[in-house]
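*Asks:* Please read through the structure below; I'll follow up with questions.
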Amino acid sequence: MARLNLPCDEKTIRDLKVGDFLELSGRMITGRDAAHHWLVHGFQQEVAPILENSVIYHCGPVVKKHEDGHYSFVAAGPTTSAREEPFQADVIGRYKLRGVIGKGGMGAKTLKGLQEHGAVYLHAVGGTAQVLAQAVIKVEQVFQLKEFGVPEALWVLQVKDFPVVVTMDSHGNSLHAEVERASKAKLDALLGLSA
Amino acid sequence: MLTREQWTEKFVDVIAHASSQLPPDVVTALRRGRELESPGSLAAKALDSILTNIEMAKGNWQPICQDTGTPIAWIHHPVGMSTRMLTAAFEEAVRQATAKQILRPNAVDPLTEKNTGHGQAPGIPSVHCEEADAPDVEVHLILKGGGCENVGAQYSLPNAKLKADRDLEGVRRCILDAVQQAQGKGCAPGIIGACFGGDRGSGFVESKRQLLRRLDDHNALPELERMEQEIFKQANELGIGPMGFGGKTTVLGVKIGHLGRLPASYFVSVSYMCWANRRAGARISPTGGVQWLD
């Protein structure tokens with residue numbers, strides 16, 4: 001299993017291939033539906049330096065607020081990435097992201113964006129909220145908490161050995177497109193629908 | 001008799017159980033899937049991570065998944081008990097469980113787009129009260145996440161594209177199509193709850209009620225038992241695998257029910273449940289004794 005420290009440069013990302021296991025360490029930020037909508041409507045100065053050369057994690061965590069005001073993640077698995085498909089490529093380009101973490105994969109527009117900007121799609125195992133929360137060693141700060149609520153806010157995290165798999169790389173390869181095609185062919189055979 | 005506040009306490013326990021303790025039959029099915037996958041494959045690694053996660057959540061009584069979903073409860077109560085009281089007690093239990101981080105604040109008002117912050121809103125939780133001939137209250141709960149809910153599907157037969165007619169063969173075609181369409185997005189390996197017949201509303205409710213069944217049970221109707229087995233086998237031949245990484249474990253179970261239909265309508269409603277099939281059942285006596293049901 002290879003290690004990847006965040007932030008990272010384009011060359012490191014271009015070396016990654018579909019099927020690679022990685023353990024991420026360093027700083028990343030969460031963002032899902034409301035966050036992506038917010039990021040593409042304007043240039044959000046306050047979060048731009050955090051996004052640059054780092055990754056955005058599609059995650060709506062369960063969060064505990066401690067008495068002294070600091071936060072910790074109680075449960076933090078990935079959410080379905082497909083919902084960000086209309087926005088993702090633009091967010092990657094505009095904020096110079098090096099990757100996206102989520103589940104379920106993304107479509108053709110994002111795949112093209114990854115190729116163009118030198119970024120990857122990293123798949124975390126859906127539902128493994130405890131395994132992944134354990135890899136979050138610190139919640140540094142949070143943006144848009146009041147406006148978006150806990151699941152949709154942008155949480156800035158320090159992670160250590162956060163496990164992911166590259167399922168879409170920066171060379172136009174997508175494991176999701178591959179599995180989709182193969183399973184469709186099998187379905188057609190099972191239903192006698194083949195041409 | 002328990003007071004409303006005492007019912008709330010009991011329901012918080014049921015919610016905590018569902019959120020953190022995966023039923024043994026689901027764990028067994030996941031372990032069996034793990035044995036089938038090739039060592040070192042993405043599928044095997046995903047299942048390893050899932051099995052580790054289940055143990056961590058169980059030991060620490062923490063949410064298995066951060067998307068604690070829509071709480072959907074069926075409450076069977078004795079004759080004469082107030083369903084308004086039971087529903088209100090359950091709603092309060094969801095608010096209390098949310099305050100304790102057993103649940104995520106998971107309810108959004110679509111008019112204002114604001115998260116209510118306490119986990120409750122009209123329709124959330126979804127509580128079905130049914131009168132039964134027993135002195136105890138029986139509650140069955142599933143926590144159904146948004147990712148898997150989004151990949152549910154409803155078909156109106158006949159469907160020319162799938163060559164699906166109004167018969168069991170047509171039902172099979174729809175369910176297999178729904179599994180293929182879902183890919184890994186519903187957090188495969190999933191559990192399929194389906195219903196044929198009913199209207200668009202009742203069909204989906206029944207498909208979800210099927211998810212209360214143990215994975216190792218058998219359908220009482222032989223033709224449906226056969227169809228469940230057949231679809232289970234064929235869905236796993238699709239090769240979608242855990243998380244859609246490719247592999248042999250695409251579904252953990254298929255459960256099919258049926259309802260009466262209008263002569264004009266023939267719906268097949270398919271609900272996809274993620275591997276984190278958070279299901280809990282409890283029988284609660286009038287004095288508050290709790291017996292956990294698998």
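Identifiers for the structure tokens are assigned positionally: chains receive A, B, ... in sequence, residues are indexed from 1 per chain, and ligands are indexed from 1 in the order shown.
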With only C-alpha atoms counted and 6 Å as the cut-off, give the residues of chain B in contact with chain A, each with its shortest interatomic distance in Å and the pair that gives it, as JSON lines.
*Replies:*
```
{"residue": "B:Ile50", "atom": "CA", "partner": "A:Thr128", "partner_atom": "CA", "distance": 5.8}
{"residue": "B:Asn53", "atom": "CA", "partner": "A:Thr128", "partner_atom": "CA", "distance": 5.4}
{"residue": "B:Ile64", "atom": "CA", "partner": "A:Ala129", "partner_atom": "CA", "distance": 5.9}
{"residue": "B:Cys65", "atom": "CA", "partner": "A:Gly127", "partner_atom": "CA", "distance": 4.7}
{"residue": "B:Gln66", "atom": "CA", "partner": "A:Ala75", "partner_atom": "CA", "distance": 4.8}
{"residue": "B:Arg104", "atom": "CA", "partner": "A:Val62", "partner_atom": "CA", "distance": 5.2}
{"residue": "B:Asn115", "atom": "CA", "partner": "A:Gly149", "partner_atom": "CA", "distance": 5.8}
{"residue": "B:Gly147", "atom": "CA", "partner": "A:Thr80", "partner_atom": "CA", "distance": 5.9}
{"residue": "B:Gly184", "atom": "CA", "partner": "A:Gly104", "partner_atom": "CA", "distance": 5.5}
{"residue": "B:Lys185", "atom": "CA", "partner": "A:Gly104", "partner_atom": "CA", "distance": 4.5}
{"residue": "B:Cys187", "atom": "CA", "partner": "A:Gly126", "partner_atom": "CA", "distance": 5.8}
{"residue": "B:Leu238", "atom": "CA", "partner": "A:Ser183", "partner_atom": "CA", "distance": 4.9}
```
*Asks:* Please run DSSP on the backbone and report, as a VMD selection string, all residues within chain A that come out as strand (DSSP E).
*Replies:* chain A and resid 2 to 6 21 to 30 55 to 57 62 to 65 71 to 75 99 to 102 120 to 123 136 to 143 154 to 168
*Asks:* Neighbouring residues of Trp38 in chain A were defined as those with any atom within 12 Å, considering only C-alpha atoms; residues of the same chain fewer than 5 positions away were excluded. Please report them as a list in words.
*Replies:* Gly31, Arg32, Asp33, Phe43, Gln44, Gln45, Val47, Glu84, Phe87, Gln88, Asp90, Val91, Phe143, Gln144, Glu147, Phe148, Glu152, Ala153 and Leu154 of chain A
*Asks:* Run DSSP on the backbone and give me the residues of range 95-202 of chain B it puts in alpha helix (DSSP H), as a list in words.
*Replies:* Arg95, Gln96, Ala97, Thr98, Ala99, Gly146, Gly147, Cys148, Glu149, Asn150, Leu168, Glu169, Gly170, Val171, Arg172, Arg173, Cys174, Ile175, Leu176, Asp177, Ala178, Val179, Gln180, Gln181, Ala182, Arg200, Gly201 and Ser202 of chain B
*Asks:* Let me see the file: selected residues, N, CA and C atoms, as a tab-separated table (two decimals), in the first residue's frame.
*Replies:*
```tsv
chain	number	residue	atom	x	y	z
B	95	ARG	N	-35.31	12.48	17.96
B	95	ARG	CA	-34.65	13.74	18.37
B	95	ARG	C	-33.59	13.47	19.44
B	96	GLN	N	-33.94	12.63	20.42
B	96	GLN	CA	-32.97	12.36	21.49
B	96	GLN	C	-31.76	11.58	20.96
B	97	ALA	N	-32.00	10.63	20.08
B	97	ALA	CA	-30.89	9.85	19.51
B	97	ALA	C	-29.98	10.77	18.68
B	98	THR	N	-30.56	11.75	18.05
B	98	THR	CA	-29.76	12.69	17.25
B	98	THR	C	-28.89	13.55	18.17
B	99	ALA	N	-29.47	13.99	19.29
B	99	ALA	CA	-28.71	14.81	20.24
B	99	ALA	C	-27.53	14.02	20.82
B	146	GLY	N	-29.51	7.22	2.45
B	146	GLY	CA	-29.93	7.93	1.24
B	146	GLY	C	-29.32	7.36	-0.04
B	147	GLY	N	-28.08	6.89	0.05
B	147	GLY	CA	-27.42	6.36	-1.15
B	147	GLY	C	-28.18	5.18	-1.72
B	148	CYS	N	-28.61	4.28	-0.83
B	148	CYS	CA	-29.35	3.11	-1.32
B	148	CYS	C	-30.79	3.47	-1.66
B	149	GLU	N	-31.36	4.42	-0.93
B	149	GLU	CA	-32.74	4.83	-1.25
B	149	GLU	C	-32.79	5.44	-2.66
B	150	ASN	N	-31.75	6.18	-3.02
B	150	ASN	CA	-31.74	6.84	-4.32
B	150	ASN	C	-31.71	5.87	-5.50
B	168	LEU	N	-44.55	-13.42	-13.38
B	168	LEU	CA	-43.38	-13.54	-12.51
B	168	LEU	C	-42.08	-13.38	-13.29
B	169	GLU	N	-42.08	-13.82	-14.53
B	169	GLU	CA	-40.89	-13.64	-15.37
B	169	GLU	C	-40.63	-12.13	-15.58
B	170	GLY	N	-41.68	-11.37	-15.76
B	170	GLY	CA	-41.54	-9.92	-15.89
B	170	GLY	C	-40.99	-9.30	-14.61
B	171	VAL	N	-41.43	-9.81	-13.48
B	171	VAL	CA	-40.95	-9.32	-12.18
B	171	VAL	C	-39.45	-9.57	-12.05
B	172	ARG	N	-39.05	-10.77	-12.44
B	172	ARG	CA	-37.61	-11.14	-12.39
B	172	ARG	C	-36.79	-10.17	-13.23
B	173	ARG	N	-37.26	-9.87	-14.41
B	173	ARG	CA	-36.52	-8.98	-15.32
B	173	ARG	C	-36.34	-7.59	-14.70
B	174	CYS	N	-37.40	-7.09	-14.09
B	174	CYS	CA	-37.33	-5.76	-13.47
B	174	CYS	C	-36.31	-5.74	-12.33
B	175	ILE	N	-36.36	-6.76	-11.48
B	175	ILE	CA	-35.47	-6.75	-10.30
B	175	ILE	C	-34.01	-6.83	-10.74
B	176	LEU	N	-33.72	-7.69	-11.71
B	176	LEU	CA	-32.33	-7.79	-12.18
B	176	LEU	C	-31.87	-6.48	-12.83
B	177	ASP	N	-32.78	-5.85	-13.56
B	177	ASP	CA	-32.43	-4.56	-14.17
B	177	ASP	C	-32.12	-3.53	-13.08
B	178	ALA	N	-32.93	-3.52	-12.03
B	178	ALA	CA	-32.71	-2.55	-10.95
B	178	ALA	C	-31.34	-2.75	-10.30
B	179	VAL	N	-30.94	-4.03	-10.12
B	179	VAL	CA	-29.62	-4.31	-9.52
B	179	VAL	C	-28.51	-3.82	-10.45
B	180	GLN	N	-28.67	-4.04	-11.75
B	180	GLN	CA	-27.63	-3.61	-12.69
B	180	GLN	C	-27.56	-2.09	-12.74
B	181	GLN	N	-28.70	-1.44	-12.75
B	181	GLN	CA	-28.73	0.03	-12.77
B	181	GLN	C	-28.06	0.62	-11.52
B	182	ALA	N	-28.26	-0.04	-10.40
B	182	ALA	CA	-27.73	0.49	-9.13
B	182	ALA	C	-26.20	0.46	-9.10
B	200	ARG	N	-48.47	2.77	-6.43
B	200	ARG	CA	-47.09	3.29	-6.38
B	200	ARG	C	-46.61	3.53	-4.96
B	201	GLY	N	-47.55	3.89	-4.07
B	201	GLY	CA	-47.15	4.13	-2.68
B	201	GLY	C	-47.03	2.84	-1.90
B	202	SER	N	-48.10	2.03	-1.89
B	202	SER	CA	-48.12	0.82	-1.06
B	202	SER	C	-47.05	-0.18	-1.53
```
*Asks:* Extract, using only C-alpha atoms, all DNA, RNA and protein residues at most 12 Å from Glu225 in chain B, discarding same-chain residues fewer than 2 positions from it, and format them as an MDAnalysis selection string.
*Replies:* chainID B and resid 168 216:223 227:232 253:257
